[in-house]
Amino acid sequence: MPTKTYHIGVEATMEIIGGKWKSIILCHLRHHTMRTGELARAIPQISQKMLTQQLRELEAANIVARRVYKQVPPKVEYSLTDYGQSLSGILHELCVWGEDNIDRREAAGESITLLNRDDV
């Protein structure tokens with residue numbers, strides 16, 4: 001296998017949590033374990049196919065744990081692994097930065113609605 005080269009550490013971070021949806025999914029899972037349907041309701045803009053794909057990639061990276069309950073209908077829950085929990089501080093800072101950005105834009109006259117503030 002060839003040697004993987006990164007020019008800066010954030011490249012390795014973004015390789016795992018980059019993209020439109022992964023950090024949003026992780027922010028929701030940071031607070032509690034969630035089922036697929038709960039995540040879909042919390043992120044209404046994401047398609048079911050994309051949600052499943054992103055969860056699988058996060059699971060493969062050992063960031064998210066998937067627990068399947070053997071019952072009818074099947075129940076599947078997602079939570080952060082211990083390794084995934086190590087991202088909590090970074091995710092919180094991203095949320096706070098976004099909230100501050102929204103506040104600045106609102107103060108400048110832009111009409112914006114923020115449905116939830118990070119409470120951690």
# chains A, B, ... in the order shown; residues from 1 in each chain; ligands from 1

$ residues_around --residues "A:Ile102" --least-positions-apart "4" --cutoff "8 Å" --atoms "only C-alpha atoms" --output "list in words"
Gly98, Glu106, Ile112 and Leu114 of chain A

$ write_last_selection --atoms "all heavy atoms" --output "PDB file, in the first residue's frame"
ATOM      1  N   GLY A  98     -20.597  29.211  14.096  1.00  0.00           N
ATOM      2  CA  GLY A  98     -21.748  29.410  13.216  1.00  0.00           C
ATOM      3  C   GLY A  98     -22.808  30.288  13.852  1.00  0.00           C
ATOM      4  O   GLY A  98     -23.401  31.159  13.193  1.00  0.00           O
ATOM      5  N   GLU A 106     -27.329  38.816  11.367  1.00  0.00           N
ATOM      6  CA  GLU A 106     -28.608  39.385  11.802  1.00  0.00           C
ATOM      7  C   GLU A 106     -28.443  40.840  12.205  1.00  0.00           C
ATOM      8  O   GLU A 106     -29.274  41.685  11.865  1.00  0.00           O
ATOM      9  CB  GLU A 106     -29.181  38.595  12.987  1.00  0.00           C
ATOM     10  CG  GLU A 106     -29.937  37.356  12.604  1.00  0.00           C
ATOM     11  CD  GLU A 106     -30.563  36.670  13.797  1.00  0.00           C
ATOM     12  OE1 GLU A 106     -29.942  36.614  14.874  1.00  0.00           O
ATOM     13  OE2 GLU A 106     -31.685  36.173  13.638  1.00  0.00           O
ATOM     14  N   ILE A 112     -32.490  35.857   9.190  1.00  0.00           N
ATOM     15  CA  ILE A 112     -32.032  34.474   9.370  1.00  0.00           C
ATOM     16  C   ILE A 112     -32.785  33.854  10.539  1.00  0.00           C
ATOM     17  O   ILE A 112     -33.039  34.522  11.537  1.00  0.00           O
ATOM     18  CB  ILE A 112     -30.513  34.418   9.697  1.00  0.00           C
ATOM     19  CG1 ILE A 112     -29.690  35.086   8.619  1.00  0.00           C
ATOM     20  CG2 ILE A 112     -30.052  32.994   9.915  1.00  0.00           C
ATOM     21  CD1 ILE A 112     -28.214  35.161   8.940  1.00  0.00           C
ATOM     22  N   LEU A 114     -32.405  30.661  13.195  1.00  0.00           N
ATOM     23  CA  LEU A 114     -31.619  29.557  13.752  1.00  0.00           C
ATOM     24  C   LEU A 114     -32.537  28.794  14.684  1.00  0.00           C
ATOM     25  O   LEU A 114     -33.004  29.335  15.679  1.00  0.00           O
ATOM     26  CB  LEU A 114     -30.389  30.086  14.492  1.00  0.00           C
ATOM     27  CG  LEU A 114     -29.545  29.052  15.240  1.00  0.00           C
ATOM     28  CD1 LEU A 114     -28.966  28.023  14.278  1.00  0.00           C
ATOM     29  CD2 LEU A 114     -28.436  29.742  16.025  1.00  0.00           C
TER      30      LEU A 114
END

$ closest_atom_pairs --of "stretch 73-118 of chain A" --to "stretch 43-57 of chain A" --cutoff "12 Å" --atoms "only C-alpha atoms" --output "Markdown table"
| residue | atom | partner | partner_atom | distance |
| --- | --- | --- | --- | --- |
| A:Val76 | CA | A:Thr52 | CA | 11.6 |
| A:Glu77 | CA | A:Leu55 | CA | 10.8 |
| A:Tyr78 | CA | A:Leu55 | CA | 8.3 |
| A:Ser79 | CA | A:Leu55 | CA | 10.2 |
| A:Leu80 | CA | A:Leu55 | CA | 10.8 |
| A:Leu115 | CA | A:Ile43 | CA | 11.6 |
| A:Asn116 | CA | A:Ile43 | CA | 11.9 |

$ write_last_selection --atoms "N, CA and C atoms" --output "PDB file, in the first residue's frame"
ATOM      1  N   VAL A  76     -32.469   0.145  14.817  1.00  0.00           N
ATOM      2  CA  VAL A  76     -31.049   0.455  14.682  1.00  0.00           C
ATOM      3  C   VAL A  76     -30.796   1.806  15.348  1.00  0.00           C
ATOM      4  N   GLU A  77     -29.782   1.857  16.182  1.00  0.00           N
ATOM      5  CA  GLU A  77     -29.403   3.106  16.854  1.00  0.00           C
ATOM      6  C   GLU A  77     -27.956   3.455  16.520  1.00  0.00           C
ATOM      7  N   TYR A  78     -27.699   4.748  16.459  1.00  0.00           N
ATOM      8  CA  TYR A  78     -26.360   5.249  16.191  1.00  0.00           C
ATOM      9  C   TYR A  78     -25.913   6.122  17.356  1.00  0.00           C
ATOM     10  N   SER A  79     -24.647   5.993  17.688  1.00  0.00           N
ATOM     11  CA  SER A  79     -24.050   6.819  18.744  1.00  0.00           C
ATOM     12  C   SER A  79     -22.587   7.053  18.391  1.00  0.00           C
ATOM     13  N   LEU A  80     -21.983   8.006  19.076  1.00  0.00           N
ATOM     14  CA  LEU A  80     -20.553   8.234  18.878  1.00  0.00           C
ATOM     15  C   LEU A  80     -19.765   7.187  19.636  1.00  0.00           C
ATOM     16  N   LEU A 115     -32.843  27.560  14.345  1.00  0.00           N
ATOM     17  CA  LEU A 115     -33.821  26.786  15.111  1.00  0.00           C
ATOM     18  C   LEU A 115     -33.269  26.264  16.434  1.00  0.00           C
ATOM     19  N   ASN A 116     -31.975  25.942  16.488  1.00  0.00           N
ATOM     20  CA  ASN A 116     -31.391  25.394  17.718  1.00  0.00           C
ATOM     21  C   ASN A 116     -29.990  25.946  17.932  1.00  0.00           C
TER      22      ASN A 116
END

$ closest_residue --among "A:Ser23, A:Thr36, A:Gln71, A:Glu99" --to "A:Thr113" --atoms "only C-alpha atoms"
A:Glu99

$ residues_around --residues "A:Ile24" --least-positions-apart "5" --cutoff "10 Å" --atoms "only C-alpha atoms" --output "list in words"
Ile17, Gly19, Leu29, Arg30, Leu39, Ala42, Ile43, Leu91 and Cys95 of chain A

$ atom_distance --atom1 "atom CA of A:Thr3" --atom2 "atom CA of A:Ala60"
20.0 Å

$ closest_residue --among "A:Arg35, A:Lys22, A:Arg66, A:His92" --to "A:Asp118" --atoms "only C-alpha atoms"
A:His92

$ select_by_dssp --residues "stretch 20-84 of chain A" --states "alpha helix (DSSP H)" --output "PyMOL selection string"
chain A and resi 22-31+36-42+48-60+82-84

$ write_last_selection --atoms "N, CA, C and O atoms" --output "short mmCIF file (atom, residue, chain, number, x, y, z; two decimals), in the first residue's frame"
data_model
loop_
_atom_site.label_atom_id
_atom_site.label_comp_id
_atom_site.auth_asym_id
_atom_site.auth_seq_id
_atom_site.Cartn_x
_atom_site.Cartn_y
_atom_site.Cartn_z
N LYS A 22 -21.65 15.22 7.27
CA LYS A 22 -21.06 14.46 8.38
C LYS A 22 -20.97 15.25 9.68
O LYS A 22 -21.33 14.74 10.74
N SER A 23 -20.51 16.48 9.62
CA SER A 23 -20.40 17.25 10.86
C SER A 23 -21.77 17.53 11.46
O SER A 23 -21.93 17.57 12.69
N ILE A 24 -22.80 17.69 10.62
CA ILE A 24 -24.16 17.91 11.12
C ILE A 24 -24.66 16.65 11.82
O ILE A 24 -25.22 16.71 12.92
N ILE A 25 -24.45 15.51 11.20
CA ILE A 25 -24.83 14.23 11.82
C ILE A 25 -24.12 14.07 13.15
O ILE A 25 -24.74 13.72 14.17
N LEU A 26 -22.82 14.33 13.17
CA LEU A 26 -22.04 14.17 14.39
C LEU A 26 -22.49 15.12 15.49
O LEU A 26 -22.52 14.74 16.67
N CYS A 27 -22.86 16.34 15.13
CA CYS A 27 -23.35 17.28 16.15
C CYS A 27 -24.62 16.76 16.80
O CYS A 27 -24.80 16.89 18.01
N HIS A 28 -25.50 16.15 16.04
CA HIS A 28 -26.72 15.58 16.62
C HIS A 28 -26.40 14.38 17.50
O HIS A 28 -26.94 14.26 18.60
N LEU A 29 -25.50 13.52 17.06
CA LEU A 29 -25.15 12.33 17.84
C LEU A 29 -24.34 12.66 19.09
O LEU A 29 -24.28 11.85 20.03
N ARG A 30 -23.74 13.81 19.11
CA ARG A 30 -22.96 14.24 20.26
C ARG A 30 -23.81 14.35 21.51
O ARG A 30 -23.35 14.15 22.62
N HIS A 31 -25.08 14.68 21.33
CA HIS A 31 -25.97 14.90 22.46
C HIS A 31 -26.62 13.61 22.96
O HIS A 31 -26.86 13.47 24.15
N THR A 36 -32.24 6.07 13.01
CA THR A 36 -32.15 6.64 11.67
C THR A 36 -33.27 7.64 11.41
O THR A 36 -33.03 8.74 10.89
N GLY A 37 -34.48 7.30 11.78
CA GLY A 37 -35.62 8.19 11.56
C GLY A 37 -35.49 9.48 12.33
O GLY A 37 -35.89 10.55 11.84
N GLU A 38 -34.95 9.41 13.55
CA GLU A 38 -34.75 10.63 14.36
C GLU A 38 -33.73 11.54 13.68
O GLU A 38 -33.93 12.76 13.64
N LEU A 39 -32.66 10.95 13.17
CA LEU A 39 -31.67 11.76 12.44
C LEU A 39 -32.29 12.38 11.19
O LEU A 39 -32.05 13.55 10.90
N ALA A 40 -33.09 11.61 10.47
CA ALA A 40 -33.74 12.13 9.26
C ALA A 40 -34.65 13.30 9.60
O ALA A 40 -34.69 14.29 8.86
N ARG A 41 -35.37 13.23 10.71
CA ARG A 41 -36.24 14.34 11.12
C ARG A 41 -35.42 15.54 11.59
O ARG A 41 -35.81 16.68 11.38
N ALA A 42 -34.28 15.27 12.23
CA ALA A 42 -33.43 16.36 12.72
C ALA A 42 -32.72 17.09 11.58
O ALA A 42 -32.34 18.25 11.71
N GLN A 48 -32.61 9.98 2.46
CA GLN A 48 -32.39 8.74 3.20
C GLN A 48 -31.13 8.04 2.69
O GLN A 48 -30.32 7.53 3.47
N LYS A 49 -30.95 8.02 1.37
CA LYS A 49 -29.78 7.38 0.78
C LYS A 49 -28.48 8.04 1.26
O LYS A 49 -27.52 7.36 1.63
N MET A 50 -28.45 9.36 1.27
CA MET A 50 -27.25 10.09 1.70
C MET A 50 -27.00 9.90 3.19
O MET A 50 -25.86 9.71 3.62
N LEU A 51 -28.06 9.92 3.99
CA LEU A 51 -27.91 9.70 5.43
C LEU A 51 -27.30 8.33 5.70
O LEU A 51 -26.34 8.21 6.46
N THR A 52 -27.82 7.32 5.05
CA THR A 52 -27.30 5.96 5.22
C THR A 52 -25.84 5.88 4.79
O THR A 52 -25.00 5.29 5.49
N GLN A 53 -25.52 6.48 3.66
CA GLN A 53 -24.14 6.46 3.16
C GLN A 53 -23.19 7.15 4.13
O GLN A 53 -22.10 6.63 4.44
N GLN A 54 -23.57 8.32 4.63
CA GLN A 54 -22.71 9.06 5.55
C GLN A 54 -22.53 8.31 6.86
O GLN A 54 -21.43 8.25 7.40
N LEU A 55 -23.60 7.71 7.37
CA LEU A 55 -23.49 6.92 8.60
C LEU A 55 -22.57 5.72 8.40
O LEU A 55 -21.76 5.41 9.28
N ARG A 56 -22.66 5.06 7.25
CA ARG A 56 -21.78 3.92 6.97
C ARG A 56 -20.31 4.35 6.93
O ARG A 56 -19.43 3.64 7.44
N GLU A 57 -20.05 5.51 6.30
CA GLU A 57 -18.67 5.99 6.23
C GLU A 57 -18.14 6.35 7.62
O GLU A 57 -16.99 6.06 7.94
N LEU A 58 -18.97 6.98 8.43
CA LEU A 58 -18.56 7.33 9.79
C LEU A 58 -18.36 6.08 10.64
O LEU A 58 -17.46 6.02 11.47
N GLU A 59 -19.18 5.06 10.40
CA GLU A 59 -19.01 3.79 11.11
C GLU A 59 -17.71 3.12 10.69
O GLU A 59 -16.96 2.61 11.53
N ALA A 60 -17.40 3.14 9.40
CA ALA A 60 -16.17 2.53 8.90
C ALA A 60 -14.93 3.23 9.47
O ALA A 60 -13.88 2.60 9.65
N ASP A 82 -16.09 6.11 21.47
CA ASP A 82 -15.18 6.91 22.30
C ASP A 82 -14.29 7.78 21.40
O ASP A 82 -14.04 8.95 21.70
N TYR A 83 -13.84 7.19 20.30
CA TYR A 83 -13.02 7.95 19.34
C TYR A 83 -13.83 9.10 18.76
O TYR A 83 -13.33 10.22 18.62
N GLY A 84 -15.08 8.85 18.43
CA GLY A 84 -15.96 9.90 17.92
C GLY A 84 -16.19 10.99 18.94
O GLY A 84 -16.27 12.18 18.61
#

$ atom_distance --atom1 "atom CA of A:Val96" --atom2 "atom CA of A:Ile8"
23.8 Å

$ atom_distance --atom1 "atom CA of A:Val64" --atom2 "atom CA of A:Asn101"
28.3 Å

$ closest_residue --among "A:His32, A:Lys70, A:Lys20, A:His7" --to "A:Gln85" --atoms "only C-alpha atoms"
A:His32

$ decode --residues "stretch 9-57 of chain A" --atoms "N, CA and C atoms" --output "mmCIF file, in the first residue's frame"
data_model
loop_
_atom_site.group_PDB
_atom_site.id
_atom_site.type_symbol
_atom_site.label_atom_id
_atom_site.label_comp_id
_atom_site.auth_asym_id
_atom_site.auth_seq_id
_atom_site.Cartn_x
_atom_site.Cartn_y
_atom_site.Cartn_z
ATOM 1 N N GLY A 9 -2.448 18.777 8.982
ATOM 2 C CA GLY A 9 -3.275 17.846 9.745
ATOM 3 C C GLY A 9 -4.763 17.934 9.473
ATOM 4 N N VAL A 10 -5.247 19.142 9.185
ATOM 5 C CA VAL A 10 -6.690 19.310 8.964
ATOM 6 C C VAL A 10 -7.167 18.510 7.748
ATOM 7 N N GLU A 11 -6.270 18.203 6.819
ATOM 8 C CA GLU A 11 -6.639 17.358 5.677
ATOM 9 C C GLU A 11 -7.115 15.987 6.159
ATOM 10 N N ALA A 12 -6.422 15.427 7.143
ATOM 11 C CA ALA A 12 -6.804 14.120 7.680
ATOM 12 C C ALA A 12 -8.144 14.211 8.412
ATOM 13 N N THR A 13 -8.360 15.317 9.108
ATOM 14 C CA THR A 13 -9.635 15.527 9.800
ATOM 15 C C THR A 13 -10.779 15.621 8.797
ATOM 16 N N MET A 14 -10.593 16.448 7.771
ATOM 17 C CA MET A 14 -11.655 16.668 6.793
ATOM 18 C C MET A 14 -11.916 15.422 5.946
ATOM 19 N N GLU A 15 -10.908 14.580 5.812
ATOM 20 C CA GLU A 15 -11.104 13.325 5.092
ATOM 21 C C GLU A 15 -12.157 12.462 5.803
ATOM 22 N N ILE A 16 -12.211 12.576 7.123
ATOM 23 C CA ILE A 16 -13.148 11.790 7.923
ATOM 24 C C ILE A 16 -14.472 12.521 8.127
ATOM 25 N N ILE A 17 -14.439 13.809 8.492
ATOM 26 C CA ILE A 17 -15.679 14.509 8.855
ATOM 27 C C ILE A 17 -16.079 15.586 7.856
ATOM 28 N N GLY A 18 -15.376 15.668 6.736
ATOM 29 C CA GLY A 18 -15.675 16.700 5.752
ATOM 30 C C GLY A 18 -16.944 16.407 4.976
ATOM 31 N N GLY A 19 -17.324 17.343 4.156
ATOM 32 C CA GLY A 19 -18.533 17.209 3.356
ATOM 33 C C GLY A 19 -19.687 17.953 3.994
ATOM 34 N N LYS A 20 -20.792 17.935 3.306
ATOM 35 C CA LYS A 20 -21.953 18.716 3.718
ATOM 36 C C LYS A 20 -22.645 18.175 4.962
ATOM 37 N N TRP A 21 -22.677 16.854 5.147
ATOM 38 C CA TRP A 21 -23.556 16.266 6.144
ATOM 39 C C TRP A 21 -22.889 15.683 7.374
ATOM 40 N N LYS A 22 -21.652 15.224 7.273
ATOM 41 C CA LYS A 22 -21.060 14.462 8.384
ATOM 42 C C LYS A 22 -20.968 15.252 9.677
ATOM 43 N N SER A 23 -20.510 16.476 9.619
ATOM 44 C CA SER A 23 -20.399 17.248 10.862
ATOM 45 C C SER A 23 -21.773 17.530 11.459
ATOM 46 N N ILE A 24 -22.797 17.691 10.619
ATOM 47 C CA ILE A 24 -24.161 17.909 11.121
ATOM 48 C C ILE A 24 -24.661 16.646 11.819
ATOM 49 N N ILE A 25 -24.454 15.506 11.203
ATOM 50 C CA ILE A 25 -24.833 14.228 11.816
ATOM 51 C C ILE A 25 -24.119 14.067 13.153
ATOM 52 N N LEU A 26 -22.823 14.333 13.171
ATOM 53 C CA LEU A 26 -22.038 14.168 14.395
ATOM 54 C C LEU A 26 -22.493 15.118 15.494
ATOM 55 N N CYS A 27 -22.856 16.339 15.134
ATOM 56 C CA CYS A 27 -23.348 17.283 16.150
ATOM 57 C C CYS A 27 -24.618 16.759 16.802
ATOM 58 N N HIS A 28 -25.499 16.148 16.037
ATOM 59 C CA HIS A 28 -26.720 15.578 16.618
ATOM 60 C C HIS A 28 -26.395 14.376 17.504
ATOM 61 N N LEU A 29 -25.497 13.520 17.063
ATOM 62 C CA LEU A 29 -25.153 12.329 17.843
ATOM 63 C C LEU A 29 -24.340 12.661 19.090
ATOM 64 N N ARG A 30 -23.743 13.814 19.113
ATOM 65 C CA ARG A 30 -22.955 14.243 20.262
ATOM 66 C C ARG A 30 -23.811 14.352 21.510
ATOM 67 N N HIS A 31 -25.079 14.681 21.326
ATOM 68 C CA HIS A 31 -25.968 14.898 22.463
ATOM 69 C C HIS A 31 -26.616 13.615 22.964
ATOM 70 N N HIS A 32 -26.928 12.689 22.057
ATOM 71 C CA HIS A 32 -27.545 11.432 22.473
ATOM 72 C C HIS A 32 -27.584 10.443 21.321
ATOM 73 N N THR A 33 -27.819 9.184 21.674
ATOM 74 C CA THR A 33 -27.997 8.117 20.692
ATOM 75 C C THR A 33 -29.277 8.395 19.912
ATOM 76 N N MET A 34 -29.236 8.134 18.603
ATOM 77 C CA MET A 34 -30.407 8.404 17.775
ATOM 78 C C MET A 34 -30.649 7.256 16.799
ATOM 79 N N ARG A 35 -31.920 7.070 16.469
ATOM 80 C CA ARG A 35 -32.305 6.124 15.427
ATOM 81 C C ARG A 35 -32.251 6.844 14.087
ATOM 82 N N THR A 36 -32.244 6.071 13.014
ATOM 83 C CA THR A 36 -32.154 6.642 11.669
ATOM 84 C C THR A 36 -33.267 7.643 11.407
ATOM 85 N N GLY A 37 -34.477 7.297 11.778
ATOM 86 C CA GLY A 37 -35.618 8.188 11.561
ATOM 87 C C GLY A 37 -35.492 9.484 12.335
ATOM 88 N N GLU A 38 -34.954 9.412 13.553
ATOM 89 C CA GLU A 38 -34.751 10.626 14.355
ATOM 90 C C GLU A 38 -33.734 11.540 13.682
ATOM 91 N N LEU A 39 -32.660 10.953 13.165
ATOM 92 C CA LEU A 39 -31.672 11.760 12.438
ATOM 93 C C LEU A 39 -32.285 12.379 11.188
ATOM 94 N N ALA A 40 -33.088 11.611 10.475
ATOM 95 C CA ALA A 40 -33.735 12.127 9.262
ATOM 96 C C ALA A 40 -34.646 13.299 9.597
ATOM 97 N N ARG A 41 -35.367 13.229 10.706
ATOM 98 C CA ARG A 41 -36.235 14.341 11.116
ATOM 99 C C ARG A 41 -35.423 15.543 11.589
ATOM 100 N N ALA A 42 -34.280 15.272 12.231
ATOM 101 C CA ALA A 42 -33.434 16.364 12.723
ATOM 102 C C ALA A 42 -32.718 17.089 11.584
ATOM 103 N N ILE A 43 -32.518 16.379 10.460
ATOM 104 C CA ILE A 43 -31.827 16.940 9.290
ATOM 105 C C ILE A 43 -32.747 16.742 8.078
ATOM 106 N N PRO A 44 -33.831 17.512 7.987
ATOM 107 C CA PRO A 44 -34.835 17.232 6.946
ATOM 108 C C PRO A 44 -34.339 17.407 5.513
ATOM 109 N N GLN A 45 -33.230 18.113 5.302
ATOM 110 C CA GLN A 45 -32.737 18.340 3.939
ATOM 111 C C GLN A 45 -31.980 17.142 3.368
ATOM 112 N N ILE A 46 -31.564 16.201 4.217
ATOM 113 C CA ILE A 46 -30.762 15.071 3.747
ATOM 114 C C ILE A 46 -31.671 13.951 3.242
ATOM 115 N N SER A 47 -31.277 13.323 2.148
ATOM 116 C CA SER A 47 -32.043 12.181 1.640
ATOM 117 C C SER A 47 -31.709 10.943 2.472
ATOM 118 N N GLN A 48 -32.613 9.983 2.462
ATOM 119 C CA GLN A 48 -32.389 8.737 3.197
ATOM 120 C C GLN A 48 -31.126 8.037 2.694
ATOM 121 N N LYS A 49 -30.946 8.019 1.371
ATOM 122 C CA LYS A 49 -29.777 7.377 0.776
ATOM 123 C C LYS A 49 -28.480 8.039 1.258
ATOM 124 N N MET A 50 -28.451 9.362 1.273
ATOM 125 C CA MET A 50 -27.246 10.086 1.703
ATOM 126 C C MET A 50 -27.005 9.895 3.191
ATOM 127 N N LEU A 51 -28.062 9.920 3.994
ATOM 128 C CA LEU A 51 -27.910 9.702 5.434
ATOM 129 C C LEU A 51 -27.298 8.330 5.699
ATOM 130 N N THR A 52 -27.819 7.317 5.047
ATOM 131 C CA THR A 52 -27.301 5.958 5.219
ATOM 132 C C THR A 52 -25.838 5.876 4.790
ATOM 133 N N GLN A 53 -25.516 6.484 3.656
ATOM 134 C CA GLN A 53 -24.137 6.463 3.157
ATOM 135 C C GLN A 53 -23.187 7.152 4.129
ATOM 136 N N GLN A 54 -23.573 8.320 4.633
ATOM 137 C CA GLN A 54 -22.715 9.063 5.549
ATOM 138 C C GLN A 54 -22.530 8.308 6.865
ATOM 139 N N LEU A 55 -23.601 7.706 7.366
ATOM 140 C CA LEU A 55 -23.494 6.917 8.596
ATOM 141 C C LEU A 55 -22.566 5.725 8.401
ATOM 142 N N ARG A 56 -22.662 5.064 7.252
ATOM 143 C CA ARG A 56 -21.778 3.919 6.975
ATOM 144 C C ARG A 56 -20.312 4.349 6.934
ATOM 145 N N GLU A 57 -20.047 5.505 6.301
ATOM 146 C CA GLU A 57 -18.666 5.994 6.230
ATOM 147 C C GLU A 57 -18.142 6.354 7.617
#
